[in-house]
>>> print(open('data-v2.csv').read())   # CSV, C-alpha atoms and all ligand atoms
chain,number,residue,atom,x,y,z
A,926,MET,CA,-5.7,-5.7,-16.4
A,927,SER,CA,-8.0,-8.7,-16.8
A,928,HIS,CA,-10.7,-8.0,-14.2
A,929,GLU,CA,-14.1,-6.7,-15.2
A,930,VAL,CA,-14.8,-3.9,-12.7
A,931,ARG,CA,-18.3,-2.4,-12.5
A,932,PRO,CA,-18.4,1.3,-13.5
A,933,LYS,CA,-20.2,2.3,-10.3
A,934,ILE,CA,-17.4,0.9,-8.2
A,935,LYS,CA,-14.8,2.5,-10.4
A,936,ALA,CA,-16.4,5.9,-10.0
A,937,LEU,CA,-16.2,5.9,-6.2
A,938,PRO,CA,-13.6,8.1,-4.7
A,939,LYS,CA,-10.8,6.0,-3.1
A,940,VAL,CA,-8.0,6.5,-0.7
A,941,LEU,CA,-4.9,4.2,-0.8
A,942,LEU,CA,-2.3,4.1,2.0
A,943,HIS,CA,-0.5,0.8,1.2
A,944,ASP,CA,0.8,0.4,-2.4
A,945,HIS,CA,4.3,-0.5,-3.5
A,946,LEU,CA,5.8,1.4,-6.4
A,947,ASP,CA,7.8,-1.7,-7.6
A,948,GLY,CA,4.7,-3.9,-7.1
A,949,GLY,CA,2.5,-1.8,-9.5
A,950,VAL,CA,4.5,-1.4,-12.7
A,951,ARG,CA,2.6,-1.9,-15.9
A,952,PRO,CA,3.7,-5.2,-17.6
A,953,ALA,CA,4.3,-3.3,-20.9
A,954,THR,CA,6.5,-0.8,-19.1
A,955,VAL,CA,8.6,-3.6,-17.6
A,956,LEU,CA,9.2,-4.9,-21.1
A,957,GLU,CA,9.9,-1.5,-22.7
A,958,LEU,CA,12.3,-0.5,-19.9
A,959,ALA,CA,14.1,-3.8,-20.0
A,960,LYS,CA,14.8,-3.2,-23.7
A,961,GLU,CA,15.8,0.4,-23.1
A,962,VAL,CA,18.3,-0.4,-20.4
A,963,GLY,CA,19.5,-3.7,-21.9
A,964,TYR,CA,18.1,-5.7,-19.0
A,965,ASP,CA,18.0,-9.3,-20.2
A,966,GLU,CA,16.7,-11.3,-17.3
A,967,LEU,CA,13.0,-11.2,-17.9
A,968,PRO,CA,11.4,-14.7,-18.1
A,969,VAL,CA,9.2,-14.0,-21.1
A,970,ASP,CA,9.0,-11.2,-23.7
A,971,ASP,CA,5.4,-10.5,-24.5
A,972,VAL,CA,3.0,-8.3,-22.4
A,973,GLN,CA,0.3,-10.9,-21.6
A,974,GLY,CA,2.9,-13.6,-20.9
A,975,LEU,CA,4.7,-11.3,-18.5
A,976,ALA,CA,1.5,-10.3,-16.8
A,977,ASP,CA,0.6,-13.9,-16.3
A,978,TRP,CA,4.1,-14.8,-15.1
A,979,PHE,CA,3.9,-12.1,-12.4
A,980,ARG,CA,0.6,-13.3,-11.2
A,981,ASP,CA,1.4,-17.0,-11.4
A,982,SER,CA,4.7,-16.6,-9.6
A,983,ALA,CA,3.0,-14.6,-6.9
A,984,ASP,CA,0.3,-17.2,-6.7
A,985,SER,CA,2.7,-20.1,-6.5
A,986,GLY,CA,2.9,-20.2,-2.7
A,987,SER,CA,6.7,-20.1,-3.0
A,988,LEU,CA,8.3,-17.2,-1.3
A,989,VAL,CA,11.3,-17.5,-3.6
A,990,ARG,CA,9.2,-17.2,-6.7
A,991,TYR,CA,7.2,-14.4,-5.2
A,992,LEU,CA,10.4,-12.4,-4.3
A,993,GLU,CA,11.7,-13.0,-7.8
A,994,THR,CA,8.9,-10.9,-9.3
A,995,PHE,CA,10.2,-7.9,-7.3
A,996,ALA,CA,13.7,-8.6,-8.5
A,997,GLN,CA,12.4,-8.1,-12.1
A,998,THR,CA,10.6,-4.8,-11.5
A,999,VAL,CA,13.4,-3.4,-9.4
A,1000,GLY,CA,15.8,-4.6,-12.0
A,1001,VAL,CA,14.4,-2.2,-14.6
A,1002,MET,CA,13.9,0.7,-12.2
A,1003,GLN,CA,17.6,1.8,-11.9
A,1004,THR,CA,17.7,5.0,-13.9
A,1005,ARG,CA,16.2,8.4,-13.4
A,1006,ASP,CA,14.1,8.1,-16.5
A,1007,ALA,CA,12.8,4.7,-15.5
A,1008,LEU,CA,11.8,5.8,-12.0
A,1009,PHE,CA,10.2,8.9,-13.4
A,1010,ARG,CA,8.1,6.9,-15.8
A,1011,VAL,CA,7.0,4.3,-13.4
A,1012,ALA,CA,6.0,6.9,-10.8
A,1013,SER,CA,4.1,9.0,-13.4
A,1014,GLU,CA,2.2,5.9,-14.7
A,1015,CYS,CA,1.5,4.8,-11.1
A,1016,ALA,CA,-0.2,8.2,-10.4
A,1017,GLN,CA,-2.1,8.0,-13.7
A,1018,ASP,CA,-3.2,4.4,-13.1
A,1019,LEU,CA,-4.5,5.1,-9.6
A,1020,ALA,CA,-6.3,8.2,-10.8
A,1021,GLU,CA,-8.0,6.3,-13.6
A,1022,ASP,CA,-9.1,3.8,-10.9
A,1023,GLY,CA,-10.8,6.5,-8.9
A,1024,VAL,CA,-8.1,7.0,-6.3
A,1025,VAL,CA,-8.1,10.6,-5.1
A,1026,TYR,CA,-5.3,10.4,-2.5
A,1027,ALA,CA,-2.5,7.8,-2.3
A,1028,GLU,CA,0.6,7.2,-0.3
A,1029,VAL,CA,2.9,5.0,-2.5
A,1030,ARG,CA,6.0,3.4,-0.9
A,1031,TYR,CA,9.3,2.2,-2.2
A,1032,ALA,CA,12.8,1.5,-0.8
A,1033,PRO,CA,15.3,4.0,-2.3
A,1034,GLU,CA,18.2,1.7,-1.3
A,1035,GLN,CA,17.0,-0.8,-4.0
A,1036,HIS,CA,17.5,1.6,-6.9
A,1037,LEU,CA,21.2,2.3,-6.6
A,1038,GLU,CA,22.6,-0.4,-8.9
A,1039,GLN,CA,23.4,1.9,-11.7
A,1040,GLY,CA,25.0,4.7,-9.7
A,1041,LEU,CA,22.0,6.8,-8.6
A,1042,THR,CA,22.3,8.3,-5.2
A,1043,LEU,CA,19.5,7.9,-2.6
A,1044,GLU,CA,18.6,11.6,-3.2
A,1045,GLN,CA,18.5,11.2,-7.0
A,1046,VAL,CA,16.1,8.2,-6.6
A,1047,ILE,CA,13.8,10.2,-4.3
A,1048,GLU,CA,13.8,13.2,-6.6
A,1049,ALA,CA,13.2,11.1,-9.7
A,1050,VAL,CA,10.2,9.4,-8.1
A,1051,ASN,CA,8.8,12.8,-6.8
A,1052,ALA,CA,9.1,14.3,-10.3
A,1053,GLY,CA,7.3,11.3,-11.7
A,1054,PHE,CA,4.5,11.7,-9.2
A,1055,ARG,CA,4.1,15.4,-10.1
A,1056,ASP,CA,4.0,14.6,-13.8
A,1057,GLY,CA,1.4,11.9,-13.2
A,1058,GLU,CA,-0.7,14.2,-11.1
A,1059,ALA,CA,-0.6,16.9,-13.8
A,1060,ARG,CA,-1.6,14.4,-16.5
A,1061,ALA,CA,-4.4,13.0,-14.3
A,1062,ALA,CA,-5.7,16.5,-13.5
A,1063,SER,CA,-5.8,17.4,-17.2
A,1064,ALA,CA,-7.7,14.1,-17.9
A,1065,GLY,CA,-10.3,15.3,-15.3
A,1066,ARG,CA,-9.2,12.8,-12.6
A,1067,PRO,CA,-7.4,14.8,-10.0
A,1068,ILE,CA,-5.2,12.8,-7.5
A,1069,ARG,CA,-2.6,13.6,-4.9
A,1070,VAL,CA,0.2,11.1,-4.6
A,1071,ARG,CA,2.7,11.2,-1.8
A,1072,ALA,CA,5.7,9.0,-1.1
A,1073,LEU,CA,6.5,6.8,1.9
A,1074,LEU,CA,10.2,5.9,2.1
A,1075,THR,CA,10.7,2.2,3.0
A,1076,ALA,CA,13.8,0.7,4.6
A,1077,MET,CA,14.4,-3.0,4.2
A,1078,ARG,CA,14.2,-4.9,7.5
A,1079,HIS,CA,17.2,-7.2,6.7
A,1080,ALA,CA,19.5,-4.2,5.8
A,1081,ALA,CA,21.2,-1.6,8.0
A,1082,LYS,CA,20.1,1.6,6.2
A,1083,SER,CA,17.0,2.4,8.2
A,1084,ARG,CA,18.5,5.5,10.0
A,1085,ASP,CA,19.7,7.0,6.7
A,1086,ILE,CA,16.3,6.4,5.1
A,1087,ALA,CA,14.5,7.9,8.1
A,1088,GLU,CA,16.7,11.0,7.8
A,1089,LEU,CA,15.8,11.3,4.1
A,1090,ALA,CA,12.1,11.0,4.9
A,1091,VAL,CA,12.5,14.0,7.3
A,1092,ARG,CA,14.6,16.0,4.8
A,1093,TYR,CA,12.1,15.6,2.0
A,1094,ARG,CA,8.9,15.9,4.1
A,1095,ASP,CA,8.0,19.3,2.6
A,1096,GLN,CA,8.3,17.8,-0.9
A,1097,GLU,CA,5.5,15.3,-0.7
A,1098,VAL,CA,7.3,12.6,1.2
A,1099,ALA,CA,4.7,11.7,3.8
A,1100,GLY,CA,6.6,9.3,6.0
A,1101,PHE,CA,8.6,6.2,6.6
A,1102,ASP,CA,8.1,2.4,6.7
A,1103,ILE,CA,10.0,-0.8,7.1
A,1104,ALA,CA,9.3,-3.9,4.9
A,1105,GLY,CA,10.7,-7.3,4.1
A,1106,ALA,CA,10.7,-10.6,5.8
A,1107,GLU,CA,9.3,-10.3,9.4
A,1108,ALA,CA,10.6,-13.6,10.8
A,1109,GLY,CA,14.1,-13.0,12.2
A,1110,TYR,CA,14.0,-9.3,11.6
A,1111,PRO,CA,11.9,-7.7,14.4
A,1112,PRO,CA,11.0,-4.0,14.1
A,1113,THR,CA,13.0,-3.2,17.2
A,1114,ARG,CA,16.1,-3.9,15.2
A,1115,HIS,CA,15.5,-0.4,13.7
A,1116,LEU,CA,14.6,1.3,17.0
A,1117,ASP,CA,17.2,4.0,16.3
A,1118,ALA,CA,15.4,5.1,13.2
A,1119,PHE,CA,12.0,5.1,14.9
A,1120,GLU,CA,13.2,7.1,17.9
A,1121,TYR,CA,14.8,9.6,15.5
A,1122,LEU,CA,11.5,10.0,13.6
A,1123,ARG,CA,9.6,10.5,16.8
A,1124,ARG,CA,12.0,13.2,18.0
A,1125,GLU,CA,11.5,14.9,14.6
A,1126,ASN,CA,7.6,14.7,14.8
A,1127,ALA,CA,7.7,12.6,11.7
A,1128,HIS,CA,5.2,9.9,10.6
A,1129,PHE,CA,5.8,6.2,10.1
A,1130,THR,CA,4.0,2.9,9.6
A,1131,ILE,CA,5.5,-0.5,10.0
A,1132,HIS,CA,4.8,-3.8,8.0
A,1133,ALA,CA,3.8,-6.0,10.9
A,1134,GLY,CA,1.5,-8.9,11.5
A,1135,GLU,CA,1.3,-10.0,7.9
A,1136,ALA,CA,2.5,-13.6,8.2
A,1137,PHE,CA,4.2,-13.3,11.5
A,1138,GLY,CA,2.1,-13.1,14.7
A,1139,LEU,CA,1.3,-10.8,17.6
A,1140,PRO,CA,4.9,-10.2,18.9
A,1141,SER,CA,5.7,-8.3,15.7
A,1142,ILE,CA,2.6,-6.1,16.1
A,1143,TRP,CA,3.3,-5.6,19.7
A,1144,GLU,CA,6.9,-4.5,19.0
A,1145,ALA,CA,5.8,-2.2,16.2
A,1146,ILE,CA,3.3,-0.4,18.4
A,1147,GLN,CA,4.7,-0.5,21.9
A,1148,TRP,CA,8.4,-0.4,21.3
A,1149,CYS,CA,8.7,1.5,18.0
A,1150,GLY,CA,5.6,3.7,18.2
A,1151,ALA,CA,4.1,2.9,14.8
A,1152,GLU,CA,1.2,5.1,13.9
A,1153,ARG,CA,-0.3,2.6,11.5
A,1154,LEU,CA,0.2,-1.1,10.9
A,1155,GLY,CA,1.1,-2.4,7.4
A,1156,HIS,CA,-1.4,-5.4,7.2
A,1157,GLY,CA,-1.7,-6.1,10.9
A,1158,VAL,CA,-4.0,-8.9,9.9
A,1159,ARG,CA,-2.7,-11.3,12.6
A,1160,ILE,CA,-4.3,-9.1,15.3
A,1161,VAL,CA,-7.1,-11.6,15.0
A,1162,ASP,CA,-4.9,-14.0,16.9
A,1163,ASP,CA,-5.6,-11.8,19.9
A,1164,ILE,CA,-9.4,-12.1,19.5
A,1165,ASP,CA,-11.2,-15.0,21.1
A,1166,LEU,CA,-14.0,-16.3,19.0
A,1167,SER,CA,-15.0,-19.3,21.0
A,1168,GLY,CA,-17.8,-17.6,23.0
A,1169,ASP,CA,-21.1,-15.9,22.0
A,1170,ALA,CA,-19.3,-12.6,21.3
A,1171,PRO,CA,-15.7,-12.0,20.3
A,1172,THR,CA,-13.4,-11.1,23.2
A,1173,LEU,CA,-10.5,-8.9,22.6
A,1174,GLY,CA,-7.1,-9.6,24.3
A,1175,ARG,CA,-5.2,-6.6,25.6
A,1176,LEU,CA,-3.2,-5.9,22.5
A,1177,ALA,CA,-6.2,-6.1,20.2
A,1178,ALA,CA,-8.1,-3.9,22.6
A,1179,PHE,CA,-5.3,-1.4,22.6
A,1180,VAL,CA,-5.2,-1.3,18.8
A,1181,ARG,CA,-8.9,-0.7,18.6
A,1182,ASP,CA,-9.1,1.7,21.5
A,1183,ARG,CA,-6.3,3.8,20.1
A,1184,ARG,CA,-7.8,3.7,16.6
A,1185,ILE,CA,-4.6,2.4,15.2
A,1186,PRO,CA,-5.2,2.1,11.4
A,1187,LEU,CA,-4.8,-1.3,9.8
A,1188,GLU,CA,-3.6,-1.1,6.2
A,1189,MET,CA,-5.3,-4.3,5.1
A,1190,CYS,CA,-4.7,-5.9,1.7
A,1191,PRO,CA,-7.0,-8.8,1.1
A,1192,SER,CA,-5.9,-10.1,-2.3
A,1193,SER,CA,-2.2,-9.9,-1.3
A,1194,ASN,CA,-2.9,-11.8,1.9
A,1195,VAL,CA,-4.7,-14.6,0.0
A,1196,GLN,CA,-1.7,-14.9,-2.4
A,1197,THR,CA,0.8,-15.2,0.4
A,1198,GLY,CA,-1.4,-17.5,2.4
A,1199,ALA,CA,-2.0,-15.1,5.2
A,1200,ALA,CA,-5.7,-15.5,4.5
A,1201,GLU,CA,-7.7,-18.3,2.9
A,1202,SER,CA,-10.0,-16.3,0.6
A,1203,VAL,CA,-11.3,-12.7,0.3
A,1204,ALA,CA,-14.6,-14.0,1.7
A,1205,ALA,CA,-12.9,-15.4,4.8
A,1206,HIS,CA,-10.4,-12.5,5.2
A,1207,PRO,CA,-10.4,-11.0,8.7
A,1208,ILE,CA,-11.0,-7.6,7.3
A,1209,THR,CA,-14.8,-8.2,7.4
A,1210,MET,CA,-14.8,-9.3,11.0
A,1211,LEU,CA,-12.4,-6.4,12.0
A,1212,LYS,CA,-14.8,-4.0,10.2
A,1213,GLU,CA,-17.7,-5.4,12.2
A,1214,LEU,CA,-15.7,-5.0,15.4
A,1215,ARG,CA,-15.1,-1.3,14.4
A,1216,PHE,CA,-11.3,-1.5,14.2
A,1217,ARG,CA,-9.8,1.4,12.2
A,1218,VAL,CA,-9.8,-0.7,9.0
A,1219,THR,CA,-8.5,0.6,5.7
A,1220,LEU,CA,-8.5,-1.2,2.3
A,1221,ASN,CA,-5.4,-1.4,0.1
A,1222,THR,CA,-3.8,-3.0,-2.9
A,1223,ASP,CA,-0.3,-3.8,-1.8
A,1224,ASN,CA,1.1,-5.0,-5.2
A,1225,ARG,CA,-1.2,-4.3,-8.1
A,1226,LEU,CA,0.9,-6.1,-10.6
A,1227,MET,CA,1.7,-9.2,-8.7
A,1228,SER,CA,-1.9,-9.5,-7.4
A,1229,ASP,CA,-3.5,-8.5,-10.6
A,1230,THR,CA,-5.6,-6.0,-8.6
A,1231,SER,CA,-6.7,-2.4,-8.2
A,1232,MET,CA,-8.6,-0.5,-5.5
A,1233,SER,CA,-11.8,-1.1,-7.5
A,1234,TRP,CA,-11.2,-4.8,-7.7
A,1235,GLU,CA,-10.5,-5.0,-4.0
A,1236,MET,CA,-13.8,-3.2,-3.3
A,1237,GLN,CA,-15.7,-5.3,-5.8
A,1238,GLN,CA,-14.5,-8.6,-4.3
A,1239,LEU,CA,-15.6,-7.5,-0.8
A,1240,VAL,CA,-19.0,-6.6,-2.2
A,1241,ASP,CA,-19.4,-9.8,-4.1
A,1242,GLU,CA,-17.8,-12.3,-1.7
A,1243,ALA,CA,-17.9,-10.8,1.8
A,1244,GLY,CA,-21.3,-8.9,1.8
A,1245,TRP,CA,-19.9,-5.4,1.9
A,1246,ASN,CA,-22.2,-2.5,0.8
A,1247,LEU,CA,-21.7,1.1,-0.2
A,1248,ASP,CA,-21.7,2.3,3.4
A,1249,ASP,CA,-18.9,-0.1,4.2
A,1250,LEU,CA,-16.9,1.2,1.2
A,1251,ARG,CA,-17.5,4.8,2.3
A,1252,TRP,CA,-16.5,3.9,5.8
A,1253,VAL,CA,-13.1,2.4,4.9
A,1254,THR,CA,-12.4,5.3,2.6
A,1255,VAL,CA,-13.1,7.9,5.3
A,1256,ASN,CA,-11.0,5.8,7.7
A,1257,ALA,CA,-8.1,5.8,5.3
A,1258,MET,CA,-8.4,9.6,4.7
A,1259,LYS,CA,-8.5,10.1,8.5
A,1260,SER,CA,-5.4,7.9,8.8
A,1261,ALA,CA,-3.3,9.6,6.0
A,1262,PHE,CA,0.0,11.2,6.9
A,1263,LEU,CA,-1.3,14.5,5.7
A,1264,PRO,CA,-2.0,17.7,7.6
A,1265,PHE,CA,-5.4,17.6,9.4
A,1266,GLU,CA,-7.1,20.4,7.5
A,1267,GLN,CA,-6.2,18.9,4.2
A,1268,ARG,CA,-7.6,15.5,5.3
A,1269,LEU,CA,-10.8,17.2,6.3
A,1270,THR,CA,-11.1,19.1,2.9
A,1271,LEU,CA,-10.7,15.8,1.0
A,1272,ILE,CA,-13.3,14.1,3.2
A,1273,GLU,CA,-15.9,16.9,3.0
A,1274,ASP,CA,-15.3,18.1,-0.6
A,1275,VAL,CA,-14.4,15.0,-2.5
A,1276,ILE,CA,-15.2,11.7,-0.6
A,1277,LYS,CA,-18.6,12.4,0.9
A,1278,PRO,CA,-20.0,14.1,-2.2
A,1279,GLY,CA,-18.7,11.1,-4.3
A,1280,TYR,CA,-20.4,8.6,-2.1
A,1281,ASP,CA,-23.6,10.7,-1.8
A,1282,ALA,CA,-23.8,10.7,-5.6
A,1283,ALA,CA,-23.2,7.0,-5.8
A,1284,ALA,CA,-26.0,6.4,-3.2
A,1285,ARG,CA,-28.4,8.5,-5.3
A,1286,ASN,CA,-27.4,6.5,-8.4
A,1287,LEU,CA,-28.1,3.2,-6.6
A,1288,GLY,CA,-31.5,4.5,-5.5
A,1289,SER,CA,-32.6,5.5,-9.0
B,1,ZN,ZN,3.3,-4.1,1.7
>>> encode(input="data-v2.csv", output="structure tokens")
Amino acid sequence: MSHEVRPKIKALPKVLLHDHLDGGVRPATVLELAKEVGYDELPVDDVQGLADWFRDSADSGSLVRYLETFAQTVGVMQTRDALFRVASECAQDLAEDGVVYAEVRYAPEQHLEQGLTLEQVIEAVNAGFRDGEARAASAGRPIRVRALLTAMRHAAKSRDIAELAVRYRDQEVAGFDIAGAEAGYPPTRHLDAFEYLRRENAHFTIHAGEAFGLPSIWEAIQWCGAERLGHGVRIVDDIDLSGDAPTLGRLAAFVRDRRIPLEMCPSSNVQTGAAESVAAHPITMLKELRFRVTLNTDNRLMSDTSMSWEMQQLVDEAGWNLDDLRWVTVNAMKSAFLPFEQRLTLIEDVIKPGYDAAARNLGS
């Protein structure tokens, strides 16, 4: 949207593990879909005004206003055609930004208002991703986009959604996640879903440690068996910075020792107040301590961001260099819910050559 991204950063291959489908809709598409389906609750009716409204509401510091932005995008994503279009555009936008592999998440249960079944929602989104991949490939920007099915923490559908994640796992559904307000809704509330997934050898991540503290991270890992942490930024609460060198508590040490990937989203955390600025975001300290850090967008529309913009801010404000960007990208690819050999192929054939080429460019 409005940010100037340097072409050299845009050209870098990127891997995205934490991006919400309903958080990345193009403002123009929200408007057009609203007209098509007769949705009349949008606060403004021009593209720039709507883009500003999304960002400002998300910036406002008010959770109510922040959540209202998702009510608007979800509100227009209630038909097969709308879901198909949003998913296709998502794949195309990510490819245009240099993303070569993405896992995009959404909660099927939020798209049933006009009579779609959970299965129809999943199939519409899958078809849209395939369409977007095909268009991106013919534009010379190949990308692979897989889905993560999210269950809402406050709801009671997690077991059903987990079963769907297993049923569709050979159709580019990579895994499962739970999202929504952490406080009051601990991940153990959904233990049944996680135990089922483990018995099925299926993959899942859990939103934990975004605003809420260490107990949420501890439950997600030690009770639920999460393979990755959505955000996980509060793990810094278990790192003592008062001495000469940082000292890790037992939970932080466990997360680092076990190489548990942290799906970190700096811009999003600044917006919700989980971090003060991108410069001060714990991602840089956690990188220096060699946690398995990955870099992500979370909600591209609400945060007015992209993978390139996240990278550029870290370079400009937090002292990151090309090696750091390459490192988080390889970290993310290693952490993807994708068969091992396919991960290796993307690392060796796409990511490393892309960064080698960028390094040569910088040297010249
Ligand atoms: Zn998220």
>>> residues_around(input="data-v2.csv", residues="Cys1190 of chain A", least_positions_apart="6", cutoff="9 Å", atoms="all atoms listed in the file", output="MDAnalysis selection string")
chainID A and resid 943 1155:1156 1158 1208 1219:1223 1235
>>> residues_near_ligand(input="data-v2.csv", ligand="ligand ZN 1 (chain B)", cutoff="10 Å", atoms="all atoms listed in the file", output="NGL selection string")
:A and (942-945 or 948 or 1030-1031 or 1075 or 1102-1105 or 1131-1133 or 1135 or 1155-1156 or 1188-1190 or 1193-1194 or 1221-1224)
>>> residues_near_point(input="data-v2.csv", point="(-3.7, 5.5, -3.1)", cutoff="8 Å", atoms="only C-alpha atoms", output="PyMOL selection string")
chain A and resi 939-944+1019+1024-1029+1070+1221
>>> residues_around(input="data-v2.csv", residues="Glu1097 of chain A", least_positions_apart="2", cutoff="7 Å", atoms="only C-alpha atoms", output="list in words")
Arg1071, Ala1072, Arg1094, Asp1095 and Ala1099 of chain A
>>> residues_around(input="data-v2.csv", residues="segment 1120-1123 of chain A", least_positions_apart="6", cutoff="10 Å", atoms="only C-alpha atoms", output="PyMOL selection string")
chain A and resi 1084+1087-1088+1090-1091+1100-1101+1129+1148-1151
>>> closest_residue(input="data-v2.csv", among="A:Glu1038, A:Glu1144, A:Asp1248, A:Asp1165", to="Ala1283 of chain A", atoms="all atoms listed in the file")
A:Asp1248
>>> decode(input="data-v2.csv", residues="segment 1255-1279 of chain A", atoms="N, CA and C atoms", output="tab-separated table (two decimals), in the first residue's frame")
chain	number	residue	atom	x	y	z
A	1255	VAL	N	15.51	-18.94	6.32
A	1255	VAL	CA	15.82	-20.37	6.41
A	1255	VAL	C	15.17	-20.97	7.66
A	1256	ASN	N	15.20	-20.23	8.76
A	1256	ASN	CA	14.51	-20.69	9.98
A	1256	ASN	C	13.05	-21.00	9.68
A	1257	ALA	N	12.39	-20.09	8.97
A	1257	ALA	CA	10.96	-20.26	8.69
A	1257	ALA	C	10.75	-21.48	7.80
A	1258	MET	N	11.61	-21.63	6.80
A	1258	MET	CA	11.43	-22.78	5.91
A	1258	MET	C	11.65	-24.09	6.66
A	1259	LYS	N	12.65	-24.11	7.56
A	1259	LYS	CA	12.88	-25.30	8.38
A	1259	LYS	C	11.67	-25.61	9.26
A	1260	SER	N	10.92	-24.57	9.64
A	1260	SER	CA	9.83	-24.71	10.61
A	1260	SER	C	8.48	-24.92	9.95
A	1261	ALA	N	8.44	-24.93	8.61
A	1261	ALA	CA	7.17	-25.05	7.90
A	1261	ALA	C	6.57	-26.43	8.14
A	1262	PHE	N	5.24	-26.49	8.09
A	1262	PHE	CA	4.54	-27.77	8.18
A	1262	PHE	C	4.47	-28.38	6.78
A	1263	LEU	N	5.63	-28.76	6.29
A	1263	LEU	CA	5.77	-29.28	4.93
A	1263	LEU	C	6.74	-30.44	5.02
A	1264	PRO	N	6.55	-31.48	4.20
A	1264	PRO	CA	7.47	-32.61	4.29
A	1264	PRO	C	8.94	-32.17	4.17
A	1265	PHE	N	9.80	-32.85	4.91
A	1265	PHE	CA	11.21	-32.49	5.05
A	1265	PHE	C	11.91	-32.28	3.71
A	1266	GLU	N	11.72	-33.22	2.78
A	1266	GLU	CA	12.45	-33.10	1.51
A	1266	GLU	C	12.02	-31.87	0.72
A	1267	GLN	N	10.75	-31.51	0.83
A	1267	GLN	CA	10.28	-30.32	0.12
A	1267	GLN	C	10.82	-29.04	0.75
A	1268	ARG	N	10.97	-29.07	2.08
A	1268	ARG	CA	11.58	-27.92	2.75
A	1268	ARG	C	13.03	-27.75	2.28
A	1269	LEU	N	13.76	-28.86	2.24
A	1269	LEU	CA	15.15	-28.80	1.80
A	1269	LEU	C	15.27	-28.28	0.38
A	1270	THR	N	14.39	-28.75	-0.49
A	1270	THR	CA	14.44	-28.32	-1.89
A	1270	THR	C	14.25	-26.80	-1.99
A	1271	LEU	N	13.28	-26.27	-1.24
A	1271	LEU	CA	13.07	-24.82	-1.28
A	1271	LEU	C	14.27	-24.06	-0.72
A	1272	ILE	N	14.87	-24.60	0.34
A	1272	ILE	CA	16.04	-23.92	0.92
A	1272	ILE	C	17.21	-23.93	-0.08
A	1273	GLU	N	17.48	-25.11	-0.65
A	1273	GLU	CA	18.67	-25.23	-1.51
A	1273	GLU	C	18.47	-24.62	-2.89
A	1274	ASP	N	17.26	-24.76	-3.45
A	1274	ASP	CA	17.06	-24.35	-4.85
A	1274	ASP	C	16.51	-22.95	-5.00
A	1275	VAL	N	15.90	-22.42	-3.95
A	1275	VAL	CA	15.25	-21.11	-4.09
A	1275	VAL	C	15.83	-20.08	-3.12
A	1276	ILE	N	15.84	-20.43	-1.83
A	1276	ILE	CA	16.21	-19.41	-0.83
A	1276	ILE	C	17.70	-19.08	-0.88
A	1277	LYS	N	18.54	-20.12	-0.78
A	1277	LYS	CA	19.98	-19.82	-0.77
A	1277	LYS	C	20.45	-19.13	-2.06
A	1278	PRO	N	20.05	-19.62	-3.24
A	1278	PRO	CA	20.47	-18.90	-4.46
A	1278	PRO	C	19.96	-17.45	-4.48
A	1279	GLY	N	18.76	-17.21	-3.96
A	1279	GLY	CA	18.21	-15.85	-3.94
A	1279	GLY	C	19.04	-14.92	-3.07
